[in-house]
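Coordinates as given in run.cif (mmCIF, N, CA and C atoms):
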```cif
data_target
loop_
_atom_site.label_atom_id
_atom_site.label_comp_id
_atom_site.auth_asym_id
_atom_site.auth_seq_id
_atom_site.Cartn_x
_atom_site.Cartn_y
_atom_site.Cartn_z
N MET A 1 261.74 -6.71 -2.77
CA MET A 1 261.32 -5.49 -2.13
C MET A 1 261.49 -4.33 -3.11
N PRO A 2 260.45 -3.50 -3.27
CA PRO A 2 260.56 -2.37 -4.20
C PRO A 2 261.56 -1.34 -3.68
N PRO A 3 262.22 -0.62 -4.60
CA PRO A 3 263.18 0.39 -4.15
C PRO A 3 262.48 1.51 -3.40
N ARG A 4 263.16 2.10 -2.44
CA ARG A 4 262.61 3.22 -1.70
C ARG A 4 262.66 4.48 -2.55
N THR A 5 261.77 5.39 -2.24
CA THR A 5 261.74 6.68 -2.91
C THR A 5 262.01 7.77 -1.88
N PHE A 6 262.88 8.68 -2.23
CA PHE A 6 263.21 9.82 -1.37
C PHE A 6 262.79 11.08 -2.11
N HIS A 7 262.27 12.03 -1.35
CA HIS A 7 261.76 13.26 -1.96
C HIS A 7 262.48 14.49 -1.41
N VAL A 8 262.83 15.37 -2.32
CA VAL A 8 263.27 16.71 -1.97
C VAL A 8 262.05 17.58 -2.20
N TYR A 9 261.72 18.40 -1.23
CA TYR A 9 260.48 19.16 -1.32
C TYR A 9 260.68 20.58 -0.82
N ILE A 10 259.77 21.44 -1.25
CA ILE A 10 259.76 22.82 -0.75
C ILE A 10 258.36 23.10 -0.21
N MET A 11 258.33 23.54 1.04
CA MET A 11 257.09 23.97 1.67
C MET A 11 257.11 25.49 1.72
N ALA A 12 255.93 26.09 1.71
CA ALA A 12 255.83 27.54 1.77
C ALA A 12 254.80 27.94 2.81
N SER A 13 254.99 29.12 3.35
CA SER A 13 254.01 29.70 4.26
C SER A 13 253.06 30.57 3.44
N ALA A 14 252.05 31.11 4.09
CA ALA A 14 251.11 32.00 3.41
C ALA A 14 251.82 33.23 2.87
N SER A 15 252.89 33.66 3.55
CA SER A 15 253.64 34.84 3.10
C SER A 15 254.79 34.46 2.15
N ARG A 16 254.83 33.19 1.74
CA ARG A 16 255.81 32.66 0.79
C ARG A 16 257.22 32.57 1.35
N ARG A 17 257.35 32.39 2.62
CA ARG A 17 258.65 31.97 3.16
C ARG A 17 258.84 30.54 2.69
N LEU A 18 260.09 30.13 2.53
CA LEU A 18 260.36 28.81 1.97
C LEU A 18 261.14 27.92 2.93
N TYR A 19 260.83 26.64 2.88
CA TYR A 19 261.55 25.62 3.64
C TYR A 19 261.87 24.49 2.68
N VAL A 20 263.13 24.12 2.58
CA VAL A 20 263.56 23.03 1.71
C VAL A 20 263.91 21.84 2.60
N GLY A 21 263.38 20.67 2.25
CA GLY A 21 263.64 19.48 3.05
C GLY A 21 263.79 18.24 2.20
N VAL A 22 264.16 17.15 2.87
CA VAL A 22 264.29 15.84 2.23
C VAL A 22 263.64 14.82 3.16
N THR A 23 263.00 13.82 2.57
CA THR A 23 262.33 12.81 3.38
C THR A 23 262.23 11.49 2.63
N GLY A 24 262.12 10.43 3.38
CA GLY A 24 261.88 9.11 2.83
C GLY A 24 260.41 8.73 2.91
N HIS A 25 259.60 9.61 3.47
CA HIS A 25 258.16 9.33 3.61
C HIS A 25 257.40 10.65 3.46
N LEU A 26 257.09 11.03 2.22
CA LEU A 26 256.54 12.35 1.92
C LEU A 26 255.19 12.61 2.60
N THR A 27 254.30 11.64 2.57
CA THR A 27 252.98 11.84 3.16
C THR A 27 253.09 12.15 4.66
N ARG A 28 253.89 11.36 5.36
CA ARG A 28 254.07 11.59 6.79
C ARG A 28 254.69 12.96 7.07
N ARG A 29 255.69 13.34 6.26
CA ARG A 29 256.36 14.62 6.50
C ARG A 29 255.41 15.80 6.26
N ILE A 30 254.60 15.72 5.21
CA ILE A 30 253.64 16.80 4.96
C ILE A 30 252.66 16.90 6.12
N ASP A 31 252.22 15.76 6.62
CA ASP A 31 251.32 15.75 7.77
C ASP A 31 251.98 16.41 8.98
N GLN A 32 253.25 16.13 9.20
CA GLN A 32 253.98 16.76 10.31
C GLN A 32 254.04 18.28 10.14
N HIS A 33 254.29 18.71 8.92
CA HIS A 33 254.30 20.15 8.66
C HIS A 33 252.92 20.75 8.93
N ARG A 34 251.90 20.10 8.43
CA ARG A 34 250.53 20.62 8.59
C ARG A 34 250.09 20.69 10.05
N ARG A 35 250.54 19.73 10.84
CA ARG A 35 250.18 19.70 12.26
C ARG A 35 251.12 20.56 13.11
N LEU A 36 252.08 21.21 12.44
CA LEU A 36 253.08 22.05 13.10
C LEU A 36 253.85 21.28 14.16
N GLU A 37 254.15 20.00 13.87
CA GLU A 37 254.88 19.14 14.79
C GLU A 37 256.39 19.36 14.72
N ILE A 38 256.86 19.97 13.66
CA ILE A 38 258.29 20.18 13.49
C ILE A 38 258.64 21.53 14.10
N LYS A 39 259.40 21.47 15.19
CA LYS A 39 259.72 22.69 15.94
C LYS A 39 260.67 23.58 15.15
N GLY A 40 260.75 24.82 15.56
CA GLY A 40 261.68 25.76 14.96
C GLY A 40 261.04 26.55 13.83
N PHE A 41 261.81 26.72 12.77
CA PHE A 41 261.42 27.54 11.62
C PHE A 41 260.07 27.11 11.04
N THR A 42 259.89 25.80 10.88
CA THR A 42 258.66 25.27 10.29
C THR A 42 257.42 25.67 11.09
N ARG A 43 257.51 25.52 12.39
CA ARG A 43 256.36 25.88 13.24
C ARG A 43 256.21 27.40 13.33
N LYS A 44 257.31 28.09 13.52
CA LYS A 44 257.25 29.55 13.68
C LYS A 44 256.60 30.23 12.47
N TYR A 45 256.95 29.79 11.27
CA TYR A 45 256.45 30.44 10.06
C TYR A 45 255.35 29.64 9.36
N GLN A 46 254.87 28.59 9.99
CA GLN A 46 253.75 27.79 9.49
C GLN A 46 253.94 27.34 8.04
N MET A 47 254.96 26.53 7.85
CA MET A 47 255.27 25.97 6.53
C MET A 47 254.33 24.81 6.25
N VAL A 48 253.16 25.10 5.68
CA VAL A 48 252.13 24.07 5.54
C VAL A 48 251.71 23.78 4.09
N ARG A 49 252.29 24.47 3.13
CA ARG A 49 251.87 24.29 1.74
C ARG A 49 253.00 23.68 0.91
N LEU A 50 252.76 22.51 0.33
CA LEU A 50 253.74 21.86 -0.53
C LEU A 50 253.70 22.54 -1.90
N VAL A 51 254.80 23.19 -2.29
CA VAL A 51 254.81 23.91 -3.56
C VAL A 51 255.75 23.31 -4.60
N TYR A 52 256.62 22.39 -4.16
CA TYR A 52 257.55 21.75 -5.10
C TYR A 52 257.97 20.40 -4.53
N VAL A 53 258.15 19.43 -5.42
CA VAL A 53 258.64 18.12 -5.00
C VAL A 53 259.32 17.42 -6.16
N GLU A 54 260.39 16.69 -5.85
CA GLU A 54 261.04 15.83 -6.84
C GLU A 54 261.47 14.56 -6.14
N ALA A 55 261.60 13.48 -6.89
CA ALA A 55 261.88 12.16 -6.31
C ALA A 55 263.15 11.55 -6.88
N THR A 56 263.75 10.66 -6.08
CA THR A 56 264.89 9.87 -6.51
C THR A 56 264.90 8.58 -5.70
N SER A 57 265.55 7.56 -6.23
CA SER A 57 265.67 6.31 -5.49
C SER A 57 266.95 6.26 -4.67
N ASP A 58 267.79 7.27 -4.79
CA ASP A 58 269.09 7.30 -4.10
C ASP A 58 269.09 8.35 -3.00
N VAL A 59 269.24 7.92 -1.76
CA VAL A 59 269.19 8.85 -0.63
C VAL A 59 270.32 9.87 -0.69
N GLN A 60 271.49 9.47 -1.12
CA GLN A 60 272.61 10.42 -1.20
C GLN A 60 272.33 11.52 -2.24
N SER A 61 271.72 11.14 -3.35
CA SER A 61 271.35 12.13 -4.37
C SER A 61 270.32 13.10 -3.81
N ALA A 62 269.37 12.59 -3.04
CA ALA A 62 268.34 13.45 -2.45
C ALA A 62 268.98 14.45 -1.48
N ILE A 63 269.89 13.97 -0.66
CA ILE A 63 270.55 14.86 0.31
C ILE A 63 271.39 15.91 -0.41
N ARG A 64 272.12 15.49 -1.45
CA ARG A 64 272.92 16.46 -2.22
C ARG A 64 272.03 17.52 -2.87
N ARG A 65 270.90 17.07 -3.42
CA ARG A 65 269.98 18.00 -4.09
C ARG A 65 269.39 18.98 -3.07
N GLU A 66 269.00 18.48 -1.90
CA GLU A 66 268.48 19.36 -0.86
C GLU A 66 269.51 20.43 -0.51
N LYS A 67 270.74 20.04 -0.29
CA LYS A 67 271.81 20.99 0.05
C LYS A 67 272.04 21.98 -1.09
N GLN A 68 271.97 21.48 -2.32
CA GLN A 68 272.14 22.36 -3.48
C GLN A 68 271.06 23.45 -3.48
N ILE A 69 269.80 23.02 -3.36
CA ILE A 69 268.69 23.99 -3.41
C ILE A 69 268.76 24.94 -2.22
N LYS A 70 269.09 24.44 -1.04
CA LYS A 70 269.22 25.30 0.14
C LYS A 70 270.29 26.37 -0.07
N GLY A 71 271.31 26.05 -0.87
CA GLY A 71 272.38 27.00 -1.12
C GLY A 71 272.05 28.07 -2.15
N TRP A 72 270.95 27.90 -2.85
CA TRP A 72 270.56 28.87 -3.87
C TRP A 72 270.01 30.14 -3.25
N VAL A 73 270.12 31.23 -3.99
CA VAL A 73 269.47 32.47 -3.58
C VAL A 73 267.96 32.29 -3.76
N ARG A 74 267.20 33.08 -3.04
CA ARG A 74 265.75 32.97 -3.04
C ARG A 74 265.15 33.02 -4.45
N SER A 75 265.65 33.92 -5.30
CA SER A 75 265.08 34.07 -6.64
C SER A 75 265.23 32.79 -7.47
N LYS A 76 266.31 32.06 -7.28
CA LYS A 76 266.50 30.81 -8.01
C LYS A 76 265.53 29.74 -7.49
N LYS A 77 265.28 29.70 -6.18
CA LYS A 77 264.30 28.77 -5.62
C LYS A 77 262.91 29.09 -6.16
N ILE A 78 262.59 30.35 -6.24
CA ILE A 78 261.28 30.77 -6.77
C ILE A 78 261.14 30.35 -8.23
N SER A 79 262.19 30.50 -9.01
CA SER A 79 262.16 30.08 -10.42
C SER A 79 261.92 28.58 -10.53
N LEU A 80 262.55 27.80 -9.66
CA LEU A 80 262.34 26.35 -9.65
C LEU A 80 260.88 26.02 -9.35
N ILE A 81 260.32 26.65 -8.33
CA ILE A 81 258.92 26.43 -7.96
C ILE A 81 258.00 26.82 -9.12
N GLU A 82 258.21 28.00 -9.66
CA GLU A 82 257.29 28.52 -10.67
C GLU A 82 257.39 27.81 -12.01
N ALA A 83 258.51 27.12 -12.27
CA ALA A 83 258.61 26.31 -13.49
C ALA A 83 257.62 25.15 -13.42
N LEU A 84 257.38 24.63 -12.24
CA LEU A 84 256.45 23.52 -12.05
C LEU A 84 255.07 23.99 -11.61
N ASN A 85 255.05 25.01 -10.80
CA ASN A 85 253.83 25.41 -10.10
C ASN A 85 253.71 26.94 -10.07
N PRO A 86 253.42 27.56 -11.22
CA PRO A 86 253.42 29.02 -11.30
C PRO A 86 252.41 29.71 -10.39
N GLU A 87 251.35 29.02 -10.01
CA GLU A 87 250.34 29.63 -9.14
C GLU A 87 250.58 29.34 -7.66
N TRP A 88 251.66 28.63 -7.36
CA TRP A 88 252.00 28.27 -5.98
C TRP A 88 250.87 27.50 -5.31
N ARG A 89 250.20 26.64 -6.08
CA ARG A 89 249.14 25.81 -5.51
C ARG A 89 249.73 24.82 -4.53
N ASP A 90 248.92 24.38 -3.58
CA ASP A 90 249.33 23.34 -2.66
C ASP A 90 249.22 22.01 -3.41
N LEU A 91 250.34 21.40 -3.71
CA LEU A 91 250.37 20.18 -4.50
C LEU A 91 249.97 18.94 -3.70
N ALA A 92 249.98 19.02 -2.40
CA ALA A 92 249.70 17.85 -1.56
C ALA A 92 248.31 17.30 -1.80
N GLU A 93 247.34 18.16 -1.97
CA GLU A 93 245.96 17.71 -2.18
C GLU A 93 245.86 16.80 -3.40
N ASP A 94 246.43 17.23 -4.51
CA ASP A 94 246.31 16.49 -5.75
C ASP A 94 247.27 15.31 -5.86
N LEU A 95 248.46 15.46 -5.30
CA LEU A 95 249.46 14.41 -5.42
C LEU A 95 249.26 13.30 -4.41
N LEU A 96 248.84 13.66 -3.22
CA LEU A 96 248.81 12.69 -2.14
C LEU A 96 247.43 12.46 -1.55
N GLY A 97 246.45 13.18 -2.04
CA GLY A 97 245.12 13.04 -1.46
C GLY A 97 245.03 13.65 -0.08
N VAL A 98 245.92 14.60 0.21
CA VAL A 98 245.94 15.26 1.51
C VAL A 98 245.26 16.60 1.37
N CYS A 99 244.23 16.84 2.16
CA CYS A 99 243.52 18.11 2.11
C CYS A 99 244.28 19.18 2.88
N PRO A 100 244.46 20.35 2.30
CA PRO A 100 245.04 21.44 3.07
C PRO A 100 244.14 21.77 4.25
N THR A 101 244.73 22.27 5.30
CA THR A 101 243.97 22.58 6.50
C THR A 101 243.09 23.81 6.33
N ASP A 102 243.41 24.66 5.35
CA ASP A 102 242.68 25.91 5.22
C ASP A 102 241.59 25.90 4.14
N ARG A 103 241.34 24.77 3.47
CA ARG A 103 240.28 24.70 2.46
C ARG A 103 239.89 23.25 2.25
N SER A 104 238.76 23.03 1.64
CA SER A 104 238.28 21.66 1.44
C SER A 104 238.85 21.07 0.16
N CYS A 105 238.77 19.75 0.06
CA CYS A 105 239.24 19.06 -1.14
C CYS A 105 238.24 19.24 -2.27
N HIS A 106 238.75 19.17 -3.49
CA HIS A 106 237.90 19.31 -4.66
C HIS A 106 238.21 18.18 -5.63
N PRO A 107 237.72 16.95 -5.37
CA PRO A 107 238.04 15.82 -6.25
C PRO A 107 237.50 15.97 -7.66
N GLU A 108 236.50 16.81 -7.84
CA GLU A 108 235.92 16.97 -9.17
C GLU A 108 236.75 17.88 -10.07
N ARG A 109 237.71 18.61 -9.50
CA ARG A 109 238.51 19.53 -10.29
C ARG A 109 239.37 18.76 -11.28
N SER A 110 239.46 19.24 -12.51
CA SER A 110 240.27 18.55 -13.52
C SER A 110 241.75 18.81 -13.24
N GLU A 111 242.56 17.88 -13.69
CA GLU A 111 243.99 17.98 -13.46
C GLU A 111 244.59 19.05 -14.35
N GLU A 112 245.48 19.82 -13.78
CA GLU A 112 246.16 20.88 -14.52
C GLU A 112 247.52 20.38 -14.97
N PRO A 113 248.11 20.98 -16.01
CA PRO A 113 249.40 20.52 -16.53
C PRO A 113 250.50 20.46 -15.47
N ALA A 114 250.57 21.44 -14.59
CA ALA A 114 251.62 21.45 -13.56
C ALA A 114 251.51 20.23 -12.67
N LEU A 115 250.29 19.77 -12.44
CA LEU A 115 250.11 18.61 -11.57
C LEU A 115 250.55 17.34 -12.25
N SER A 116 250.38 17.26 -13.56
CA SER A 116 250.87 16.09 -14.28
C SER A 116 252.38 16.01 -14.16
N ILE A 117 253.05 17.14 -14.29
CA ILE A 117 254.50 17.18 -14.15
C ILE A 117 254.89 16.80 -12.74
N ALA A 118 254.19 17.33 -11.75
CA ALA A 118 254.51 17.03 -10.36
C ALA A 118 254.31 15.55 -10.08
N LYS A 119 253.23 14.96 -10.58
CA LYS A 119 253.00 13.53 -10.36
C LYS A 119 254.12 12.72 -10.99
N GLU A 120 254.56 13.13 -12.16
CA GLU A 120 255.66 12.42 -12.81
C GLU A 120 256.93 12.53 -11.98
N SER A 121 257.17 13.69 -11.35
CA SER A 121 258.37 13.87 -10.55
C SER A 121 258.36 13.02 -9.30
N LEU A 122 257.18 12.58 -8.86
CA LEU A 122 257.09 11.73 -7.68
C LEU A 122 257.48 10.30 -7.99
N ARG A 123 257.45 9.91 -9.26
CA ARG A 123 257.84 8.56 -9.62
C ARG A 123 259.36 8.45 -9.65
N CYS A 124 259.84 7.38 -9.13
CA CYS A 124 261.27 7.13 -9.13
C CYS A 124 261.75 6.74 -10.51
N PRO A 125 262.91 7.21 -10.91
CA PRO A 125 263.47 6.76 -12.19
C PRO A 125 263.77 5.27 -12.10
N GLU A 126 263.61 4.58 -13.19
CA GLU A 126 263.87 3.13 -13.22
C GLU A 126 265.35 2.86 -13.10
#
```
Show how you would write the structure in this file as structure tokens.
Amino acid sequence: MPPRTFHVYIMASASRRLYVGVTGHLTRRIDQHRRLEIKGFTRKYQMVRLVYVEATSDVQSAIRREKQIKGWVRSKKISLIEALNPEWRDLAEDLLGVCPTDRSCHPERSEEPALSIAKESLRCPE
């Protein structure tokens, strides 16, 4: 059986409010965010844009990393996002083949450097 992959991710609203989470099934969790199925903060502020993601094969490491990032001041979270994704693009479309709800997919668009880094971060370390 292949090792499981756990993701620490940051979702953003249109006004750039941030939500930090951890999941063992990234595609399903993004879909839940997009459908506003997660009650509370996520639904209230419409956290529907994936702006940062990193992967690990160890669930405890993922949980520790989520708590670490949640404990950071906003400016440090923004620096983390902008190191990978300076334009705050929705990474879900390119990484997971998930179309954002507010625009159509563009499969013909060439891959940008930030997306190559993001795709690499989705792979679990050996």
Go through segment 37-108 of chain A and collect every residue that DSSP, computed from the backbone, puts in alpha helix (DSSP H); the answer should be as number ranges by chain.
-> A: 41-44, 59-71, 74-84, 92-96
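Using only C-alpha atoms, the shortest contact distance between Asn85 of chain A and any of A:Ile69, A:Met47, A:Val53, A:Ala14 is found at A:Val53.
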When the PyMOL selection byres ((chain A and resi 5) around 6.5) is applied to the file above, which residues end up in the set, as a ChimeraX atom specification?
-> /A:3-4,6-7,23-25,55-58,124
Atomic distance atom CA of Ala83 of chain A - atom C of Gly21 of chain A, expressed in Å with one decimal | 18.4 Å
At what distance in Å, to one decimal, does atom CA of Gln60 of chain A lie from atom C of Leu95 of chain A?
->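 Between atom C of Leu95 of chain A and atom CA of Gln60 of chain A the gap works out to 23.7 Å.
For the set A:Glu82, A:Glu87, A:Val48, A:Lys76, the residue with the smallest atom-to-atom gap to Ile30 of chain A is A:Val48, counting all atoms listed in the file.
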By how many Å are atom N of Gln32 of chain A and atom C of Arg49 of chain A apart?
->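 One can read the atom N of Gln32 of chain A to atom C of Arg49 of chain A distance as 11.2 Å.
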Which neighbours of Lys70 of chain A fall inside 9 Å, counting only C-alpha atoms, when residues of the same chain fewer than 6 positions from it are skipped, and could you give them as a PyMOL selection string?
-> chain A and resi 19-21+77
Since we have the selection now, will you write its residues out, keeping N, CA and C atoms, as a PDB file, keeping the file's coordinate frame?
```pdb
ATOM      1  N   TYR A  19     260.830  26.640   2.880  1.00  0.00           N
ATOM      2  CA  TYR A  19     261.550  25.620   3.640  1.00  0.00           C
ATOM      3  C   TYR A  19     261.870  24.490   2.680  1.00  0.00           C
ATOM      4  N   VAL A  20     263.130  24.120   2.580  1.00  0.00           N
ATOM      5  CA  VAL A  20     263.560  23.030   1.710  1.00  0.00           C
ATOM      6  C   VAL A  20     263.910  21.840   2.600  1.00  0.00           C
ATOM      7  N   GLY A  21     263.380  20.670   2.250  1.00  0.00           N
ATOM      8  CA  GLY A  21     263.640  19.480   3.050  1.00  0.00           C
ATOM      9  C   GLY A  21     263.790  18.240   2.200  1.00  0.00           C
ATOM     10  N   LYS A  77     265.280  29.700  -6.180  1.00  0.00           N
ATOM     11  CA  LYS A  77     264.300  28.770  -5.620  1.00  0.00           C
ATOM     12  C   LYS A  77     262.910  29.090  -6.160  1.00  0.00           C
TER      13      LYS A  77
END
```
